[in-house]
$ cat final-v4.txt   # compact mmCIF, C-alpha atoms
# COMPACT_ATOMS: atom_id res chain seq x y z
CA MET W 1 -14.67 8.19 -27.60
CA LYS W 2 -13.78 7.86 -23.94
CA LEU W 3 -10.36 6.82 -22.67
CA LEU W 4 -9.18 4.12 -20.27
CA SER W 5 -5.75 4.73 -18.72
CA ALA W 6 -3.83 1.78 -17.29
CA ILE W 7 -1.12 2.57 -14.73
CA VAL W 8 1.62 -0.06 -14.40
CA PRO W 9 4.26 0.53 -11.70
CA CYS W 10 7.50 -1.27 -12.58
CA TYR W 11 10.66 -2.04 -10.64
CA ASN W 12 13.07 -4.45 -12.36
CA GLU W 13 10.32 -6.01 -14.48
CA GLU W 14 12.09 -6.32 -17.84
CA GLU W 15 11.09 -10.00 -18.07
CA ASN W 16 7.40 -9.21 -17.69
CA VAL W 17 6.83 -6.01 -19.69
CA ALA W 18 6.21 -7.66 -23.06
CA ASP W 19 4.08 -10.46 -21.60
CA PHE W 20 1.99 -7.96 -19.66
CA TYR W 21 1.40 -5.84 -22.78
CA ALA W 22 0.29 -8.91 -24.73
CA GLU W 23 -2.16 -9.94 -22.00
CA PHE W 24 -3.53 -6.45 -21.53
CA MET W 25 -4.16 -5.92 -25.25
CA LYS W 26 -6.39 -9.00 -25.29
CA THR W 27 -9.03 -6.71 -23.76
CA GLU W 28 -8.81 -4.26 -26.68
CA ASP W 29 -11.70 -5.79 -28.67
CA PHE W 30 -14.02 -5.54 -25.67
CA PHE W 31 -13.28 -1.86 -25.10
CA GLN W 32 -13.47 -1.02 -28.81
CA LYS W 33 -17.05 -2.29 -28.78
CA LYS W 34 -17.67 0.12 -25.91
CA ASP W 35 -16.11 3.02 -27.89
CA ILE W 36 -13.27 3.28 -25.39
CA GLU W 37 -9.66 3.89 -26.35
CA LEU W 38 -6.74 2.55 -24.32
CA GLU W 39 -3.49 4.04 -23.09
CA LEU W 40 -0.73 2.49 -20.98
CA TRP W 41 1.48 4.34 -18.53
CA PHE W 42 4.49 2.31 -17.40
CA ILE W 43 5.99 4.01 -14.33
CA ASN W 44 9.62 2.94 -14.14
CA ASP W 45 10.46 3.26 -10.46
CA GLY W 46 14.24 3.53 -10.73
CA SER W 47 14.75 0.04 -12.15
CA LYS W 48 18.31 -1.25 -12.31
CA ASP W 49 17.64 -3.56 -15.26
CA HIS W 50 16.36 -2.87 -18.79
CA THR W 51 12.72 -2.24 -17.91
CA ALA W 52 12.77 1.20 -19.56
CA ASP W 53 14.27 -0.23 -22.77
CA GLU W 54 11.53 -2.87 -22.97
CA VAL W 55 8.86 -0.18 -22.63
CA LYS W 56 10.54 1.92 -25.33
CA LYS W 57 10.36 -1.06 -27.69
CA LEU W 58 6.62 -1.18 -27.12
CA ASN W 59 6.35 2.57 -27.66
CA ASP W 60 8.08 2.23 -31.03
CA LYS W 61 5.26 0.03 -32.32
CA ASP W 62 2.35 1.38 -30.26
CA LYS W 63 2.17 5.08 -29.40
CA ARG W 64 -0.51 4.37 -26.80
CA VAL W 65 2.31 3.08 -24.59
CA HIS W 66 3.93 5.79 -22.45
CA LEU W 67 6.92 5.72 -20.13
CA LEU W 68 7.69 7.75 -17.04
CA SER W 69 11.07 7.01 -15.42
CA PHE W 70 12.03 8.21 -11.94
CA SER W 71 15.49 9.52 -11.11
CA ARG W 72 15.76 6.75 -8.48
CA ASN W 73 13.58 4.25 -6.66
CA PHE W 74 10.85 6.21 -4.84
CA GLY W 75 8.59 3.24 -4.09
CA LYS W 76 5.33 1.91 -5.43
CA GLU W 77 3.23 4.53 -3.65
CA ALA W 78 5.05 7.30 -5.51
CA ALA W 79 4.66 5.38 -8.78
CA ILE W 80 0.91 5.09 -8.26
CA TYR W 81 0.58 8.80 -7.54
CA ALA W 82 2.70 9.72 -10.57
CA GLY W 83 0.53 7.51 -12.76
CA LEU W 84 -2.62 9.20 -11.50
CA GLU W 85 -1.15 12.61 -12.33
CA LYS W 86 -0.25 11.52 -15.87
CA ALA W 87 -3.37 9.51 -16.71
CA ASN W 88 -5.85 11.40 -18.86
CA GLY W 89 -8.52 8.71 -18.97
CA ASP W 90 -12.18 8.91 -18.09
CA TYR W 91 -11.44 5.61 -16.36
CA VAL W 92 -8.18 4.61 -14.66
CA VAL W 93 -6.96 1.18 -13.58
CA PHE W 94 -3.88 0.03 -11.63
CA LEU W 95 -2.18 -3.25 -12.56
CA ASP W 96 1.08 -4.91 -11.54
CA ALA W 97 3.45 -5.81 -14.36
CA ASP W 98 4.07 -9.31 -12.93
CA LEU W 99 0.56 -10.44 -14.05
CA GLN W 100 -0.59 -11.18 -10.51
CA ASP W 101 -3.36 -8.74 -11.42
CA PRO W 102 -5.00 -10.56 -14.36
CA PRO W 103 -6.06 -8.13 -17.14
CA SER W 104 -8.70 -10.69 -18.11
CA LEU W 105 -10.83 -9.37 -15.22
CA LEU W 106 -11.08 -5.92 -16.79
CA PRO W 107 -14.20 -6.55 -18.92
CA GLU W 108 -16.11 -7.79 -15.87
CA MET W 109 -14.83 -4.86 -13.80
CA PHE W 110 -15.97 -2.37 -16.42
CA THR W 111 -19.42 -3.97 -16.49
CA TYR W 112 -19.89 -2.99 -12.85
CA ILE W 113 -18.76 0.56 -13.64
CA GLU W 114 -21.50 0.68 -16.25
CA GLU W 115 -23.97 -0.44 -13.58
CA GLY W 116 -23.18 2.69 -11.59
CA TYR W 117 -20.31 1.79 -9.27
CA ASP W 118 -17.63 4.45 -8.82
CA SER W 119 -14.81 1.92 -8.52
CA VAL W 120 -14.28 -1.82 -8.78
CA ALA W 121 -11.62 -3.29 -6.50
CA THR W 122 -10.13 -6.76 -6.22
CA ARG W 123 -9.15 -8.92 -3.27
CA ARG W 124 -7.41 -12.26 -2.98
CA VAL W 125 -9.37 -14.96 -1.16
CA THR W 126 -6.34 -17.28 -1.00
CA ARG W 127 -2.62 -16.73 -0.51
CA LYS W 128 -1.41 -19.79 -2.35
CA GLY W 129 2.32 -19.65 -3.01
CA GLU W 130 3.11 -17.28 -0.15
CA PRO W 131 5.21 -18.34 2.88
CA MET W 132 2.96 -19.27 5.81
CA ILE W 133 4.53 -16.77 8.21
CA ARG W 134 4.07 -13.95 5.70
CA SER W 135 0.40 -14.86 5.20
CA PHE W 136 -0.12 -15.04 8.96
CA PHE W 137 1.26 -11.57 9.63
CA ALA W 138 -0.65 -10.13 6.66
CA ARG W 139 -3.94 -11.39 8.10
CA MET W 140 -2.97 -10.06 11.53
CA PHE W 141 -2.30 -6.63 10.02
CA TYR W 142 -5.78 -6.44 8.47
CA ARG W 143 -7.39 -7.59 11.73
CA ILE W 144 -5.54 -4.92 13.69
CA MET W 145 -6.44 -2.21 11.17
CA LYS W 146 -10.09 -3.23 11.33
CA LYS W 147 -10.09 -2.68 15.09
CA ILE W 148 -8.06 0.52 15.40
CA SER W 149 -8.95 2.46 12.24
CA LYS W 150 -12.19 4.00 11.05
CA THR W 151 -11.02 3.69 7.45
CA GLU W 152 -12.11 0.49 5.71
CA ILE W 153 -9.14 -1.62 4.60
CA VAL W 154 -10.32 -4.98 3.24
CA ASP W 155 -8.37 -8.16 3.99
CA GLY W 156 -6.54 -9.36 0.89
CA ALA W 157 -7.16 -6.12 -1.00
CA ARG W 158 -4.99 -5.54 -4.04
CA ASP W 159 -4.03 -2.25 -5.67
CA TYR W 160 -5.74 -3.62 -8.79
CA ARG W 161 -8.69 -1.24 -9.06
CA LEU W 162 -10.74 0.37 -11.85
CA MET W 163 -12.00 3.88 -11.06
CA THR W 164 -13.96 6.68 -12.61
CA ARG W 165 -12.40 10.10 -13.12
CA GLN W 166 -14.28 11.44 -10.08
CA VAL W 167 -12.52 8.94 -7.79
CA VAL W 168 -9.15 9.68 -9.38
CA ASP W 169 -9.56 13.42 -8.82
CA ALA W 170 -10.50 12.75 -5.20
CA ILE W 171 -7.30 10.75 -4.64
CA LEU W 172 -5.20 13.44 -6.34
CA SER W 173 -6.63 15.98 -3.91
CA LEU W 174 -4.61 14.20 -1.18
CA PRO W 175 -0.98 15.10 -2.05
CA GLU W 176 0.44 13.84 1.25
CA TYR W 177 4.06 12.67 1.25
CA ASN W 178 3.56 9.60 3.45
CA ARG W 179 1.19 7.57 1.31
CA PHE W 180 -0.69 4.35 2.01
CA THR W 181 -2.89 3.90 -1.03
CA LYS W 182 -5.01 1.05 0.35
CA GLY W 183 -6.07 3.37 3.15
CA ILE W 184 -6.56 6.33 0.82
CA PHE W 185 -8.95 4.27 -1.31
CA GLY W 186 -11.06 3.60 1.77
CA TRP W 187 -10.81 7.15 3.08
CA VAL W 188 -12.14 8.87 -0.07
CA GLY W 189 -15.14 6.55 -0.03
CA PHE W 190 -17.41 6.24 -3.10
CA GLU W 191 -19.42 3.17 -3.98
CA THR W 192 -17.08 0.23 -4.54
CA LYS W 193 -17.72 -3.25 -5.90
CA TRP W 194 -15.35 -5.98 -4.69
CA LEU W 195 -14.25 -8.83 -6.95
CA GLU W 196 -12.66 -11.91 -5.41
CA TYR W 197 -10.14 -14.21 -7.07
CA ASP W 198 -7.55 -16.81 -6.11
CA ASN W 199 -3.98 -15.70 -5.69
CA ILE W 200 -1.91 -15.82 -8.88
CA GLU W 201 1.83 -16.29 -8.60
CA ARG W 202 4.29 -14.16 -10.54
CA LYS W 203 4.85 -15.30 -14.11
CA LYS W 204 8.57 -14.43 -14.09
CA GLY W 205 11.10 -12.95 -11.70
CA GLU W 206 11.00 -12.60 -7.93
CA THR W 207 8.91 -10.41 -5.67
CA LYS W 208 10.47 -7.12 -4.60
CA TRP W 209 8.61 -7.17 -1.31
CA SER W 210 10.71 -8.74 1.46
CA PHE W 211 9.22 -9.47 4.88
CA TRP W 212 10.98 -6.42 6.32
CA LYS W 213 9.63 -4.11 3.59
CA LEU W 214 6.12 -5.40 4.19
CA PHE W 215 6.55 -4.85 7.93
CA VAL W 216 7.65 -1.24 7.41
CA TYR W 217 4.78 -0.75 4.95
CA SER W 218 2.30 -2.05 7.53
CA LEU W 219 3.63 0.45 10.09
CA GLU W 220 3.10 3.17 7.48
CA GLY W 221 -0.50 2.07 7.14
CA ILE W 222 -1.14 1.96 10.89
CA THR W 223 0.35 5.38 11.59
CA SER W 224 -1.30 6.94 8.53
CA PHE W 225 -4.85 5.94 9.36
CA SER W 226 -5.00 5.47 13.12
CA THR W 227 -3.96 7.34 16.24
CA ALA W 228 -4.63 4.28 18.42
CA PRO W 229 -0.89 3.65 19.04
CA LEU W 230 -0.64 7.10 20.66
CA ALA W 231 -3.61 6.30 22.88
CA PHE W 232 -1.95 2.98 23.75
CA ALA W 233 1.25 4.78 24.76
CA ALA W 234 -0.74 7.13 27.01
CA PHE W 235 -2.60 4.17 28.54
CA MET W 236 0.68 2.39 29.29
CA GLY W 237 2.01 5.52 30.98
CA VAL W 238 -1.06 5.82 33.23
CA ALA W 239 -1.04 2.07 34.02
CA PHE W 240 2.61 2.08 35.10
CA CYS W 241 2.13 5.25 37.17
CA LEU W 242 -0.74 3.60 39.05
CA GLY W 243 1.29 0.43 39.48
CA ALA W 244 4.24 2.38 40.85
CA PHE W 245 1.98 4.26 43.27
CA ALA W 246 0.51 0.98 44.53
CA LEU W 247 4.01 -0.45 45.09
CA ILE W 248 5.04 2.65 47.06
CA ILE W 249 2.04 2.27 49.36
CA PHE W 250 2.77 -1.45 49.77
CA THR W 251 6.42 -0.79 50.68
CA ILE W 252 5.54 1.89 53.25
CA VAL W 253 2.87 -0.29 54.90
CA ARG W 254 5.16 -3.31 55.05
CA LYS W 255 7.94 -1.24 56.64
CA ALA W 256 5.57 0.34 59.20
CA LEU W 257 3.88 -2.90 60.24
CA PHE W 258 6.64 -5.45 60.00
CA GLY W 259 9.83 -3.43 60.00
CA ASP W 260 10.89 -5.32 56.90
CA PRO W 261 13.66 -3.44 55.10
CA THR W 262 13.43 -2.98 51.37
CA SER W 263 15.24 -5.87 49.70
CA GLY W 264 15.44 -7.82 46.50
CA TRP W 265 17.67 -5.81 44.21
CA PRO W 266 17.52 -8.43 41.38
CA SER W 267 13.75 -8.02 41.12
CA LEU W 268 14.19 -4.25 41.34
CA VAL W 269 16.58 -4.33 38.38
CA CYS W 270 14.06 -6.38 36.38
CA ILE W 271 11.28 -3.91 37.16
CA ILE W 272 13.42 -0.92 36.21
CA SER W 273 14.43 -2.65 32.96
CA LEU W 274 10.79 -3.42 32.15
CA ILE W 275 9.62 0.13 32.78
CA SER W 276 12.55 1.55 30.79
CA GLY W 277 11.68 -0.74 27.90
CA VAL W 278 8.04 0.36 27.95
CA GLN W 279 9.12 4.01 28.04
CA LEU W 280 11.37 3.56 25.04
CA PHE W 281 8.61 1.66 23.21
CA CYS W 282 6.10 4.45 23.82
CA LEU W 283 8.70 7.04 22.86
CA GLY W 284 9.24 5.13 19.63
CA ILE W 285 5.50 5.31 18.87
CA VAL W 286 5.52 9.06 19.37
CA GLY W 287 8.69 9.24 17.26
CA GLN W 288 6.96 7.53 14.34
CA TYR W 289 4.23 10.16 14.25
CA LEU W 290 6.75 12.95 14.73
CA ALA W 291 8.86 11.61 11.86
CA LYS W 292 5.83 11.56 9.56
CA THR W 293 5.04 15.14 10.50
CA TYR W 294 8.67 16.10 9.86
CA MET W 295 8.60 14.59 6.37
CA GLU W 296 5.30 16.30 5.55
CA VAL W 297 6.33 19.81 6.59
CA LYS W 298 9.52 19.66 4.50
CA ARG W 299 7.28 19.50 1.41
CA ARG W 300 9.67 17.43 -0.66
CA PRO W 301 8.28 16.19 -4.00
CA ILE W 302 6.82 12.68 -3.95
CA TYR W 303 8.97 11.73 -6.97
CA LEU W 304 11.44 13.19 -9.49
CA VAL W 305 11.26 12.48 -13.21
CA LYS W 306 14.30 11.42 -15.18
CA GLU W 307 12.63 10.67 -18.52
CA GLU W 308 9.15 10.84 -20.02
CA ILE W 309 7.96 9.42 -23.31
$ encode --input "final-v4.txt" --output "structure tokens"
Amino acid sequence: MKLLSAIVPCYNEEENVADFYAEFMKTEDFFQKKDIELELWFINDGSKDHTADEVKKLNDKDKRVHLLSFSRNFGKEAAIYAGLEKANGDYVVFLDADLQDPPSLLPEMFTYIEEGYDSVATRRVTRKGEPMIRSFFARMFYRIMKKISKTEIVDGARDYRLMTRQVVDAILSLPEYNRFTKGIFGWVGFETKWLEYDNIERKKGETKWSFWKLFVYSLEGITSFSTAPLAFAAFMGVAFCLGAFALIIFTIVRKALFGDPTSGWPSLVCIISLISGVQLFCLGIVGQYLAKTYMEVKRRPIYLVKEEI
């Protein structure tokens, strides 16, 4: 029999663990008919509630349920990578514990794997239930990435994805510290089938993704899969140098022809402030890439394990 491994990153999801398990196991009959066994890896990402205890309760009655607890919160990207390292399945799927990734789609997803696809990914076609400003900036992020990156990152893409072992091994071959999984999926390639569904709101609890965290995550994606910001910084430098040269010529000509002394210190202060701001902005772009390089060369582990069951 073959094995399907489900990876479930968790951060303060004690209210959803049991409900998720119940929903996921509704697919058991389908996979039994396909001679496929199931295993569940709950990756406890430094939760401050009783998420680990809820998973242990499941493990007591079902040994197919496994737990990996981090020593602290390392983030969802680290949890996904840890799950990939632990999963032994011929097929691997990511799901969120909050049931925004409906396990009921799994039979349909596996059907496409049988047809020859290497992975089956999901994307939301609506953002019902999300704040309007958050939805707006999310769409803007995907539009920007489409223009500045050669890696395909689909608008509305979820981490909910079913993959063959070949795809999993390809992702594991990229042990980079600064991870942006949506980009990594696109970078490794392989033939992917996309499934669309309407947004599903969390069953219980509150989202752990604030606007600020999403903003920082988007910067991680941009700097991980595009060097366009560096080119933009260089372009701004050249543009301001040319502008400054033109102003110097204009000032000299005006003085020579009209004897007009240089004046207008308020406007001069505004120009200096503008140029200083652009310089700091461009320096910040370079700093982002330098910081990522700094974190990579230190070779720190992506996560640390506190407990494994």
$ closest_residue --input "final-v4.txt" --among "W:Leu84, W:Leu106, W:Ala246, W:Leu174" --to "Asp29 of chain W" --atoms "all atoms listed in the file"
W:Leu106
$ atom_distance --input "final-v4.txt" --atom1 "atom CA of Lys63 of chain W" --atom2 "atom CA of Phe31 of chain W"
17.5 Å
$ closest_residue --input "final-v4.txt" --among "W:Tyr294, W:Tyr117, W:Phe190, W:Tyr177" --to "Phe74 of chain W" --atoms "only C-alpha atoms"
W:Tyr177
$ closest_residue --input "final-v4.txt" --among "W:Met236, W:Leu99, W:Leu4, W:Ala157" --to "Leu38 of chain W" --atoms "only C-alpha atoms"
W:Leu4
$ closest_residue --input "final-v4.txt" --among "W:Gly186, W:Gly89, W:Gly287, W:Pro9" --to "Arg165 of chain W" --atoms "only C-alpha atoms"
W:Gly89
$ closest_residue --input "final-v4.txt" --among "W:Asp45, W:Glu115, W:Glu15, W:Asp101" --to "Tyr303 of chain W" --atoms "only C-alpha atoms"
W:Asp45
$ residues_around --input "final-v4.txt" --residues "segment 277-283 of chain W" --least-positions-apart "5" --cutoff "9 Å" --atoms "all atoms listed in the file" --output "ChimeraX atom specification"
/W:229-230,232-234,236-237,272,288
$ atom_distance --input "final-v4.txt" --atom1 "atom CA of Asp53 of chain W" --atom2 "atom CA of Glu39 of chain W"
18.3 Å
$ closest_residue --input "final-v4.txt" --among "W:Asp96, W:Glu77, W:Glu37, W:Asp118" --to "Met1 of chain W" --atoms "all atoms listed in the file"
W:Glu37
